[in-house]
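Coordinates as given in model.tsv (TSV, C-alpha atoms and all ligand atoms):
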```tsv
chain	number	residue	atom	x	y	z
W	20	MET	CA	-56.97	6.66	-13.93
W	21	THR	CA	-54.07	4.59	-12.61
W	22	PRO	CA	-53.55	5.74	-9.00
W	23	LEU	CA	-50.40	7.30	-7.60
W	24	LEU	CA	-49.08	5.17	-4.74
W	25	ASP	CA	-47.02	5.98	-1.70
W	26	LEU	CA	-44.17	3.63	-0.80
W	27	GLU	CA	-46.12	1.73	1.79
W	28	ALA	CA	-48.98	0.96	-0.60
W	29	ALA	CA	-46.51	0.03	-3.36
W	30	VAL	CA	-44.74	-2.47	-1.08
W	31	ARG	CA	-48.08	-3.95	-0.06
W	32	HIS	CA	-49.16	-4.38	-3.69
W	33	LEU	CA	-45.83	-5.99	-4.66
W	34	ALA	CA	-46.09	-8.43	-1.76
W	35	ALA	CA	-49.65	-9.30	-2.87
W	36	GLY	CA	-48.42	-10.16	-6.39
W	37	ALA	CA	-49.69	-6.97	-8.09
W	38	LEU	CA	-47.83	-4.76	-10.58
W	39	VAL	CA	-46.40	-1.39	-9.55
W	40	GLY	CA	-44.77	1.33	-11.66
W	41	PHE	CA	-41.75	2.96	-10.01
W	42	PRO	CA	-39.00	5.44	-10.95
W	43	THR	CA	-35.35	4.59	-11.50
W	44	GLU	CA	-32.53	6.87	-12.62
W	45	THR	CA	-32.83	5.48	-16.19
W	46	VAL	CA	-36.54	5.00	-17.00
W	47	TYR	CA	-39.66	3.99	-15.06
W	48	GLY	CA	-39.97	0.26	-14.41
W	49	LEU	CA	-43.08	-1.90	-14.05
W	50	GLY	CA	-42.33	-4.13	-11.07
W	51	ALA	CA	-43.47	-7.55	-9.89
W	52	ASP	CA	-42.17	-9.82	-7.12
W	53	ALA	CA	-39.32	-11.67	-8.87
W	54	SER	CA	-39.90	-14.79	-6.76
W	55	ASN	CA	-43.62	-14.98	-7.60
W	56	ALA	CA	-44.09	-16.72	-10.96
W	57	ASP	CA	-47.76	-15.71	-11.26
W	58	ALA	CA	-46.93	-12.06	-10.61
W	59	VAL	CA	-44.21	-12.15	-13.27
W	60	ARG	CA	-46.61	-13.86	-15.71
W	61	SER	CA	-49.10	-11.03	-15.23
W	62	LEU	CA	-46.25	-8.59	-15.88
W	63	TYR	CA	-45.60	-10.16	-19.30
W	64	ALA	CA	-49.34	-10.11	-20.02
W	65	ALA	CA	-49.70	-6.41	-19.07
W	66	LYS	CA	-46.78	-5.44	-21.31
W	67	GLY	CA	-47.81	-7.70	-24.16
W	68	ARG	CA	-44.30	-9.08	-23.97
W	69	PRO	CA	-43.53	-12.48	-25.51
W	70	PRO	CA	-42.65	-15.00	-22.74
W	71	GLY	CA	-39.18	-15.82	-24.10
W	72	HIS	CA	-37.80	-12.37	-23.27
W	73	PRO	CA	-36.10	-12.07	-19.86
W	74	VAL	CA	-36.65	-9.08	-17.55
W	75	ILE	CA	-34.17	-7.41	-15.18
W	76	VAL	CA	-34.34	-8.23	-11.47
W	77	HIS	CA	-33.85	-5.11	-9.35
W	78	LEU	CA	-32.23	-5.40	-5.94
W	79	GLY	CA	-31.83	-3.09	-2.95
W	80	ARG	CA	-28.45	-1.90	-1.73
W	81	ASP	CA	-28.47	-4.43	1.08
W	82	ALA	CA	-29.12	-7.41	-1.21
W	83	VAL	CA	-26.50	-10.14	-1.37
W	84	LEU	CA	-25.43	-10.83	-4.95
W	85	ASP	CA	-24.84	-14.51	-4.23
W	86	ASP	CA	-28.46	-14.96	-3.11
W	87	TRP	CA	-29.56	-14.21	-6.67
W	88	ALA	CA	-26.65	-15.47	-8.75
W	89	VAL	CA	-24.25	-18.40	-8.79
W	90	ASP	CA	-20.67	-18.69	-10.10
W	91	VAL	CA	-20.28	-14.90	-10.18
W	92	SER	CA	-17.04	-13.99	-11.96
W	93	GLY	CA	-14.43	-11.60	-10.63
W	94	ALA	CA	-15.20	-9.28	-13.53
W	95	ALA	CA	-18.91	-9.12	-12.59
W	96	ARG	CA	-17.97	-8.41	-8.97
W	97	ARG	CA	-15.66	-5.56	-9.98
W	98	LEU	CA	-18.34	-4.03	-12.23
W	99	VAL	CA	-21.00	-3.99	-9.52
W	100	ALA	CA	-18.54	-2.80	-6.86
W	101	GLU	CA	-17.77	0.18	-9.11
W	102	TRP	CA	-21.21	1.04	-10.52
W	103	TRP	CA	-23.97	-0.16	-8.17
W	104	PRO	CA	-26.21	1.55	-7.38
W	105	GLY	CA	-26.25	2.73	-10.96
W	106	PRO	CA	-27.35	2.28	-14.58
W	107	LEU	CA	-25.59	-1.06	-15.04
W	108	THR	CA	-27.20	-4.50	-15.43
W	109	VAL	CA	-25.01	-7.59	-15.20
W	110	VAL	CA	-26.12	-10.85	-16.78
W	111	VAL	CA	-24.93	-13.74	-14.59
W	112	ALA	CA	-25.95	-17.35	-13.86
W	113	ALA	CA	-29.24	-17.29	-11.91
W	114	SER	CA	-29.71	-18.85	-8.46
W	115	PRO	CA	-32.84	-20.95	-7.74
W	116	ARG	CA	-34.38	-17.92	-5.98
W	117	VAL	CA	-35.02	-16.25	-9.35
W	118	SER	CA	-38.26	-17.40	-11.00
W	119	ARG	CA	-37.49	-18.90	-14.42
W	120	VAL	CA	-40.51	-16.98	-15.64
W	121	ALA	CA	-38.49	-13.78	-15.04
W	122	THR	CA	-35.51	-15.14	-16.96
W	123	GLY	CA	-37.62	-16.18	-19.94
W	124	GLY	CA	-36.64	-19.78	-19.15
W	125	LEU	CA	-32.90	-19.02	-19.24
W	126	ASP	CA	-30.52	-20.04	-16.47
W	127	THR	CA	-29.02	-16.54	-16.53
W	128	VAL	CA	-30.46	-13.38	-15.01
W	129	GLY	CA	-29.95	-9.65	-15.46
W	130	LEU	CA	-29.44	-7.97	-12.06
W	131	ARG	CA	-29.24	-4.31	-11.17
W	132	VAL	CA	-29.31	-1.99	-8.14
W	133	PRO	CA	-30.82	1.27	-9.44
W	134	ASP	CA	-29.49	4.64	-8.27
W	135	HIS	CA	-32.74	6.36	-7.34
W	136	PRO	CA	-33.83	7.18	-3.78
W	137	VAL	CA	-37.45	6.12	-4.36
W	138	ALA	CA	-36.48	2.86	-6.09
W	139	LEU	CA	-33.95	2.06	-3.34
W	140	ALA	CA	-36.47	2.80	-0.58
W	141	LEU	CA	-39.05	0.62	-2.33
W	142	LEU	CA	-36.60	-2.26	-2.83
W	143	GLU	CA	-35.24	-2.07	0.69
W	144	ARG	CA	-38.71	-2.06	2.27
W	145	PHE	CA	-39.93	-4.85	-0.01
W	146	GLY	CA	-36.87	-6.91	0.83
W	147	GLY	CA	-36.96	-9.20	-2.23
W	148	GLY	CA	-36.04	-8.85	-5.87
W	149	VAL	CA	-38.34	-6.87	-8.16
W	150	ALA	CA	-38.58	-8.06	-11.75
W	151	ALA	CA	-39.08	-4.94	-13.83
W	152	PRO	CA	-38.95	-4.18	-17.50
W	153	SER	CA	-39.44	-0.59	-18.62
W	154	ALA	CA	-43.05	0.43	-17.90
W	155	ASN	CA	-44.21	0.58	-21.52
W	156	ARG	CA	-46.11	-1.79	-23.74
W	157	PHE	CA	-43.88	-4.08	-25.79
W	158	GLY	CA	-42.02	-2.28	-28.57
W	159	ARG	CA	-43.06	1.21	-27.48
W	160	VAL	CA	-41.15	4.18	-26.06
W	161	SER	CA	-39.97	3.79	-22.45
W	162	PRO	CA	-41.56	6.18	-19.91
W	163	THR	CA	-39.44	8.74	-18.05
W	164	THR	CA	-42.25	10.25	-15.93
W	165	ALA	CA	-45.05	8.85	-13.77
W	166	GLU	CA	-47.55	10.53	-16.11
W	167	ALA	CA	-46.14	8.57	-19.07
W	168	VAL	CA	-46.64	5.32	-17.13
W	169	ARG	CA	-50.24	6.29	-16.38
W	170	ALA	CA	-50.82	7.01	-20.06
W	171	GLU	CA	-49.50	3.52	-20.92
W	172	PHE	CA	-51.44	1.30	-18.47
W	173	GLY	CA	-54.85	1.14	-16.82
W	174	ALA	CA	-56.44	-1.23	-14.32
W	175	GLU	CA	-53.97	-4.03	-15.07
W	176	ILE	CA	-51.46	-2.30	-12.75
W	177	ALA	CA	-52.05	-1.34	-9.09
W	178	GLY	CA	-50.55	2.11	-9.59
W	179	VAL	CA	-47.33	4.05	-9.90
W	180	VAL	CA	-44.97	5.72	-7.44
W	181	ASP	CA	-44.07	9.23	-8.65
W	182	GLY	CA	-40.37	10.04	-8.32
W	183	GLY	CA	-40.19	12.89	-10.83
W	184	ALA	CA	-38.51	12.80	-14.23
W	185	CYS	CA	-35.67	10.27	-14.71
W	186	GLY	CA	-32.19	11.79	-14.64
W	187	VAL	CA	-30.45	9.49	-17.14
W	188	GLY	CA	-33.31	8.96	-19.58
W	189	VAL	CA	-32.20	5.81	-21.44
W	190	GLU	CA	-32.09	2.26	-20.10
W	191	SER	CA	-29.17	0.73	-18.23
W	192	THR	CA	-26.09	-0.69	-19.90
W	193	ILE	CA	-26.43	-4.50	-20.04
W	194	VAL	CA	-23.18	-6.45	-19.67
W	195	ASP	CA	-23.04	-10.18	-20.23
W	196	CYS	CA	-20.61	-11.60	-17.65
W	197	THR	CA	-21.41	-15.28	-18.21
W	198	SER	CA	-18.26	-16.03	-20.19
W	199	ASP	CA	-14.65	-14.87	-20.27
W	200	THR	CA	-15.54	-12.50	-23.11
W	201	ILE	CA	-17.30	-9.44	-21.67
W	202	ARG	CA	-20.13	-8.31	-23.97
W	203	VAL	CA	-22.18	-5.13	-23.88
W	204	LEU	CA	-25.63	-6.31	-24.98
W	205	ARG	CA	-27.21	-2.85	-24.77
W	206	PRO	CA	-25.31	0.47	-24.57
W	207	GLY	CA	-26.18	2.96	-21.81
W	208	ALA	CA	-24.67	5.58	-19.54
W	209	ILE	CA	-21.84	3.25	-18.47
W	210	THR	CA	-19.96	2.97	-21.75
W	211	ALA	CA	-18.02	0.05	-23.21
W	212	GLY	CA	-14.91	2.22	-22.85
W	213	MET	CA	-15.52	2.71	-19.12
W	214	ILE	CA	-16.08	-1.04	-18.66
W	215	GLY	CA	-13.00	-2.01	-20.67
W	216	GLY	CA	-10.97	0.57	-18.74
W	217	LEU	CA	-12.01	-0.78	-15.37
W	218	LEU	CA	-11.49	-4.45	-16.28
W	219	GLU	CA	-8.41	-3.75	-18.43
W	220	THR	CA	-9.82	-6.00	-21.11
W	221	GLU	CA	-11.38	-5.75	-24.52
W	222	VAL	CA	-15.18	-5.51	-24.52
W	223	VAL	CA	-17.30	-6.90	-27.36
W	224	LEU	CA	-20.38	-4.98	-28.51
W	225	GLY	CA	-23.59	-6.94	-29.12
W	226	GLY	CA	-24.34	-10.61	-28.68
W	227	SER	CA	-27.56	-12.15	-27.39
W	228	THR	CA	-30.68	-11.80	-29.47
W	229	ARG	CA	-33.00	-12.59	-26.54
W	230	ALA	CA	-33.17	-8.94	-25.50
W	231	PRO	CA	-36.19	-7.01	-26.82
W	232	GLY	CA	-34.34	-3.74	-26.32
W	233	THR	CA	-31.86	-5.15	-28.81
W	234	LEU	CA	-34.42	-6.12	-31.46
W	235	PRO	CA	-33.89	-3.96	-34.56
W	236	SER	CA	-37.36	-2.43	-34.26
W	237	HIS	CA	-38.06	-1.09	-30.75
W	238	TYR	CA	-38.57	2.12	-28.80
W	239	ALA	CA	-40.82	3.34	-31.61
W	240	PRO	CA	-43.44	6.09	-31.49
W	241	ALA	CA	-46.32	6.04	-33.98
W	242	ALA	CA	-44.65	8.86	-35.92
W	243	ARG	CA	-41.91	7.93	-38.41
W	244	VAL	CA	-38.45	8.76	-37.04
W	245	GLU	CA	-35.60	9.99	-39.25
W	246	VAL	CA	-32.09	10.60	-37.88
W	247	VAL	CA	-30.55	13.50	-39.79
W	248	PRO	CA	-27.26	15.48	-39.60
W	249	ALA	CA	-27.81	18.99	-38.17
W	250	ASN	CA	-27.02	20.76	-41.45
W	251	GLU	CA	-29.66	18.77	-43.37
W	252	ILE	CA	-32.61	19.21	-41.01
W	253	ASP	CA	-33.85	22.51	-42.48
W	254	ALA	CA	-34.03	21.18	-46.04
W	255	ARG	CA	-35.57	17.87	-44.98
W	256	ALA	CA	-38.24	19.65	-42.90
W	257	THR	CA	-39.12	21.87	-45.84
W	258	ALA	CA	-39.47	18.92	-48.20
W	259	LEU	CA	-41.68	17.01	-45.74
W	260	VAL	CA	-43.94	20.00	-45.06
W	261	GLU	CA	-44.36	20.51	-48.82
W	262	ALA	CA	-45.42	16.87	-49.04
W	263	GLY	CA	-48.10	17.55	-46.41
W	264	ASP	CA	-46.43	16.05	-43.32
W	265	ARG	CA	-46.53	17.49	-39.83
W	266	VAL	CA	-42.90	17.53	-38.67
W	267	GLY	CA	-41.49	17.45	-35.13
W	268	ILE	CA	-37.86	18.38	-34.61
W	269	ILE	CA	-35.35	17.31	-31.96
W	270	ALA	CA	-32.17	19.33	-32.50
W	271	GLU	CA	-29.94	22.08	-31.15
W	272	ARG	CA	-31.63	25.42	-30.56
W	273	GLY	CA	-32.52	27.19	-33.82
W	274	VAL	CA	-31.97	24.19	-36.09
W	275	GLY	CA	-34.92	23.53	-38.38
W	276	THR	CA	-37.03	26.26	-36.83
W	277	SER	CA	-35.00	29.33	-37.82
W	278	GLU	CA	-38.14	30.81	-39.34
W	279	SER	CA	-41.40	29.75	-37.74
W	280	ARG	CA	-43.02	27.49	-40.28
W	281	VAL	CA	-46.48	26.06	-40.50
W	282	GLY	CA	-46.34	22.30	-39.94
W	283	VAL	CA	-43.02	22.31	-38.03
W	284	VAL	CA	-42.86	21.96	-34.24
W	285	THR	CA	-39.81	21.84	-31.98
W	286	LEU	CA	-40.31	18.78	-29.74
W	287	ALA	CA	-37.13	19.42	-27.74
W	288	THR	CA	-33.88	21.32	-28.03
W	289	VAL	CA	-30.79	19.28	-27.22
W	290	GLY	CA	-27.41	20.21	-25.80
W	291	SER	CA	-24.84	17.68	-24.55
W	292	PRO	CA	-25.20	13.91	-25.13
W	293	ASP	CA	-26.34	13.60	-21.47
W	294	HIS	CA	-29.08	16.12	-22.10
W	295	TYR	CA	-30.11	14.40	-25.34
W	296	ALA	CA	-30.53	11.12	-23.41
W	297	GLN	CA	-32.62	12.88	-20.76
W	298	ILE	CA	-35.17	14.37	-23.17
W	299	LEU	CA	-35.23	11.70	-25.90
W	300	TYR	CA	-38.18	9.57	-24.79
W	301	SER	CA	-40.39	12.44	-23.62
W	302	ALA	CA	-39.77	14.14	-26.98
W	303	LEU	CA	-40.74	10.97	-28.90
W	304	ARG	CA	-43.88	10.65	-26.76
W	305	SER	CA	-44.87	14.26	-27.33
W	306	ALA	CA	-44.56	13.67	-31.09
W	307	ASP	CA	-47.45	11.22	-30.81
W	308	ASP	CA	-49.42	13.42	-28.40
W	309	LEU	CA	-49.15	16.26	-30.93
W	310	GLY	CA	-50.06	14.06	-33.89
W	311	MET	CA	-46.78	14.47	-35.79
W	312	ASP	CA	-46.26	12.38	-38.92
W	313	VAL	CA	-42.48	12.52	-38.87
W	314	VAL	CA	-39.80	13.20	-36.25
W	315	LEU	CA	-36.50	14.62	-37.46
W	316	ALA	CA	-33.92	13.89	-34.77
W	317	VAL	CA	-30.43	15.32	-35.07
W	318	GLN	CA	-27.69	12.69	-35.23
W	319	PRO	CA	-26.15	12.60	-31.71
W	320	GLU	CA	-22.42	12.88	-31.07
W	321	LEU	CA	-21.09	9.34	-30.65
W	322	ASP	CA	-19.52	10.21	-27.35
W	323	GLY	CA	-20.35	8.83	-23.88
W	324	ILE	CA	-24.09	8.18	-23.59
W	325	GLY	CA	-24.48	9.52	-27.16
W	326	VAL	CA	-23.77	5.95	-28.34
W	327	ALA	CA	-26.86	4.77	-26.44
W	328	VAL	CA	-28.94	7.67	-27.81
W	329	ALA	CA	-27.88	6.75	-31.37
W	330	ASP	CA	-28.71	3.10	-30.66
W	331	ARG	CA	-32.27	3.91	-29.45
W	332	LEU	CA	-32.88	6.40	-32.27
W	333	GLY	CA	-31.74	3.83	-34.81
W	334	ARG	CA	-34.22	1.29	-33.44
W	335	ALA	CA	-37.01	3.88	-33.29
W	336	ALA	CA	-36.28	4.72	-36.94
W	337	THR	CA	-36.53	1.05	-37.93
W	338	GLY	CA	-39.80	0.72	-36.01
W	339	ARG	CA	-42.14	2.19	-38.60
Y	1	LIG	O1	-32.69	0.80	-17.13
Y	1	LIG	C1	-33.21	-0.29	-17.23
Y	1	LIG	O2	-32.56	-1.32	-17.43
Y	1	LIG	C2	-34.75	-0.36	-17.07
Y	1	LIG	C3	-35.09	0.07	-15.66
Y	1	LIG	C4	-36.56	-0.13	-15.35
Y	1	LIG	O3	-34.29	-0.63	-14.75
Y	1	LIG	N1	-35.24	-1.68	-17.37
Y	1	LIG	C5	-35.30	-2.17	-18.63
Y	1	LIG	O4	-35.88	-3.40	-18.69
Y	1	LIG	O5	-34.90	-1.58	-19.60
Y	1	LIG	P1	-36.35	-4.11	-20.05
Y	1	LIG	O6	-37.03	-5.38	-19.62
Y	1	LIG	O7	-37.14	-3.17	-20.86
Y	1	LIG	O8	-35.05	-4.51	-20.71
Y	1	LIG	C6	-34.27	-5.49	-20.08
Y	1	LIG	C7	-33.28	-6.02	-21.00
Y	1	LIG	C8	-33.94	-6.76	-22.10
Y	1	LIG	O9	-33.38	-6.37	-23.31
Y	1	LIG	C9	-33.68	-8.20	-21.69
Y	1	LIG	O10	-33.77	-9.11	-22.72
Y	1	LIG	C10	-32.29	-8.10	-21.10
Y	1	LIG	O11	-32.41	-6.93	-20.33
Y	1	LIG	N2	-31.99	-9.22	-20.25
Y	1	LIG	C11	-32.49	-9.49	-19.04
Y	1	LIG	N3	-32.03	-10.68	-18.58
Y	1	LIG	C12	-31.23	-11.15	-19.54
Y	1	LIG	C13	-30.49	-12.37	-19.70
Y	1	LIG	N4	-30.49	-13.31	-18.77
Y	1	LIG	N5	-29.77	-12.52	-20.83
Y	1	LIG	C14	-29.78	-11.57	-21.79
Y	1	LIG	N6	-30.48	-10.43	-21.70
Y	1	LIG	C15	-31.20	-10.23	-20.61
Y	2	MG	MG	-37.86	-1.90	-22.39
```

Let's see the structure in the file written out as structure tokens.
Amino acid sequence: MTPLLDLEAAVRHLAAGALVGFPTETVYGLGADASNADAVRSLYAAKGRPPGHPVIVHLGRDAVLDDWAVDVSGAARRLVAEWWPGPLTVVVAASPRVSRVATGGLDTVGLRVPDHPVALALLERFGGGVAAPSANRFGRVSPTTAEAVRAEFGAEIAGVVDGGACGVGVESTIVDCTSDTIRVLRPGAITAGMIGGLLETEVVLGGSTRAPGTLPSHYAPAARVEVVPANEIDARATALVEAGDRVGIIAERGVGTSESRVGVVTLATVGSPDHYAQILYSALRSADDLGMDVVLAVQPELDGIGVAVADRLGRAATGR
């Protein structure tokens, strides 16, 4: 089984060009030395990720933005001053230090300083940038625990550093700062409203199609996912069970499981949008572990991080 690594071993493996799973506040990443083209190539191979898709370069708190980016706009500087370390990735023009393998051949790069003590310690000891997509195979559900990373990969990675379950649960907000129009390419915990408020400007949603997390079909478990309003879950579960399906439910306490029913399992109970984000991926993973045919996920409130939850659920639902 994929070994658990301490920080020292993880730094050594990164420096040697190997792949290391590590926790961040959003999801677990699979890291490679961002300045080592061969290491980044093996990262794409391990994930089964097509080469044209750029990965995020993670930096420590002491990193100098201008070492990794050029022509950084005032807006990008204000965003990172406000939210780094944190669940925010800025897309900016890449400096020569960033391997063009990591950028998928683009001259722009996504940069982020994650807000997690283990990730920060790893990055600060390593000293360089760590190219890291989410530590899942291409198109699959992102891992939010070290165990989920170990279930995803074998000998192709050196190991994983265990930092407990991720606090945020969905991937960082990606903001394209390469033009005067600020675009949110992927919603996350830092909302478009927060960004527009800080910059006192209008923010456009969507844009680039180079981002796998923004492909229509992504984040998908093997089970079929349906997003359903709370008051329709009971009836939908009944109909599916009658048709012979095993049904997993993600909803507020009591919804869909008011009477215990054969063929219906509660995968997770959700409260606030923040809580929904935290449990989403582990609930989708457990659906597959339990052999569910269908997941009925309650439609999240479109408030705060709920927009990101709805985005990921929508892509998971398109996936099968
Ligand atoms: O929270 C996160 O962002 C996690 C943790 C590990 O930090 N990482 C993550 O990485 O979600 P990944 O590779 O699964 O998604 C990175 C996204 C992709 O959609 C990628 O295309 C986009 O960032 N991206 C990276 N560089 C980009 C660029 N230069 N232009 C447009 N999109 C870019
Ligand atoms: Mg991903």

Neighbours of ligand MG 2 (chain Y) at 12 Å or closer, counting only C-alpha atoms and all ligand atoms: which residues, as a ChimeraX atom specification? /W:45-49,63,66-68,72-75,151-163,189-191,193,205,230-234,236-239,300,331

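Relative to atom CA of Val120 of chain W, atom CA of Leu62 of chain W is found at 10.2 Å.
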
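Rounded to one decimal, atom CA of Ala174 of chain W and atom CA of Arg60 of chain W lie 16.1 Å from each other.
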
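Between atom CA of Val222 of chain W and atom CA of Arg202 of chain W the separation is 5.7 Å.
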
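In terms of minimum interatomic distance to ligand LIG 1 (chain Y), W:Val194 ranks closest within W:Val194, W:Ala35, W:Ala56, W:Val180, counting all atoms listed in the file.
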
Shell around Asp330 of chain W at 12 Å using all atoms listed in the file, local window under 3 positions removed, as number ranges by chain: W: 189-190, 192, 204-207, 224-225, 232-238, 246, 296, 299, 318-321, 324-327, 333-337

Asp25 of chain W environment, 9 Å, all atoms listed in the file, sequence neighbours closer than 2 positions dropped, as an MDAnalysis selection string: chainID W and resid 23 27:30 179:181

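Closest to Ser305 of chain W among W:Pro240, W:Gly290, W:Gly215, W:Gly93 is W:Pro240, based on all atoms listed in the file.
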
For Ile252 of chain W, please output as a PDB file with C-alpha atoms, in the frame of the given file all residues within 12 Å (counting all atoms listed in the file; exclusion window: fewer than 5 positions along the same chain).
```
ATOM      1  CA  GLU W 245     -35.600   9.990 -39.250  1.00  0.00           C
ATOM      2  CA  VAL W 246     -32.090  10.600 -37.880  1.00  0.00           C
ATOM      3  CA  VAL W 247     -30.550  13.500 -39.790  1.00  0.00           C
ATOM      4  CA  THR W 257     -39.120  21.870 -45.840  1.00  0.00           C
ATOM      5  CA  ALA W 258     -39.470  18.920 -48.200  1.00  0.00           C
ATOM      6  CA  LEU W 259     -41.680  17.010 -45.740  1.00  0.00           C
ATOM      7  CA  VAL W 266     -42.900  17.530 -38.670  1.00  0.00           C
ATOM      8  CA  GLY W 267     -41.490  17.450 -35.130  1.00  0.00           C
ATOM      9  CA  ILE W 268     -37.860  18.380 -34.610  1.00  0.00           C
ATOM     10  CA  ILE W 269     -35.350  17.310 -31.960  1.00  0.00           C
ATOM     11  CA  ALA W 270     -32.170  19.330 -32.500  1.00  0.00           C
ATOM     12  CA  GLU W 271     -29.940  22.080 -31.150  1.00  0.00           C
ATOM     13  CA  GLY W 273     -32.520  27.190 -33.820  1.00  0.00           C
ATOM     14  CA  VAL W 274     -31.970  24.190 -36.090  1.00  0.00           C
ATOM     15  CA  GLY W 275     -34.920  23.530 -38.380  1.00  0.00           C
ATOM     16  CA  THR W 276     -37.030  26.260 -36.830  1.00  0.00           C
ATOM     17  CA  SER W 277     -35.000  29.330 -37.820  1.00  0.00           C
ATOM     18  CA  VAL W 283     -43.020  22.310 -38.030  1.00  0.00           C
ATOM     19  CA  THR W 285     -39.810  21.840 -31.980  1.00  0.00           C
ATOM     20  CA  VAL W 314     -39.800  13.200 -36.250  1.00  0.00           C
ATOM     21  CA  LEU W 315     -36.500  14.620 -37.460  1.00  0.00           C
ATOM     22  CA  ALA W 316     -33.920  13.890 -34.770  1.00  0.00           C
ATOM     23  CA  VAL W 317     -30.430  15.320 -35.070  1.00  0.00           C
ATOM     24  CA  GLN W 318     -27.690  12.690 -35.230  1.00  0.00           C
TER      25      GLN W 318
END
```

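You can rank W:Ala184, W:Ala249, W:Cys196, W:Ala58 by their closest distance to Leu130 of chain W using all atoms listed in the file, and at the top of that list sits W:Cys196.
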
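With distances taken over only C-alpha atoms and all ligand atoms, W:Pro133 is the one residue among W:Pro70, W:Gly216, W:Pro133, W:Gly147 lying closest to ligand LIG 1 (chain Y).
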
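Take the candidates W:Leu217, W:Ala112, W:Leu141, W:Ala95 and check each one against ligand LIG 1 (chain Y) using only C-alpha atoms and all ligand atoms; the shortest distance goes to W:Ala112.
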
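Nearest residue to ligand LIG 1 (chain Y) among W:Leu38, W:Ala53, W:Leu33, W:Leu125 is W:Leu125, counting all atoms listed in the file.
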
Please, what is the axis-aligned box for every listed atom of ligand LIG 1 (chain Y) with 3 Å on each side, as centre and edge lengths in Å to one decimal, as lines of an AutoDock Vina configuration file?
```
center_x = -33.5
center_y = -6.3
center_z = -19.0
size_x = 13.4
size_y = 20.1
size_z = 14.6
```
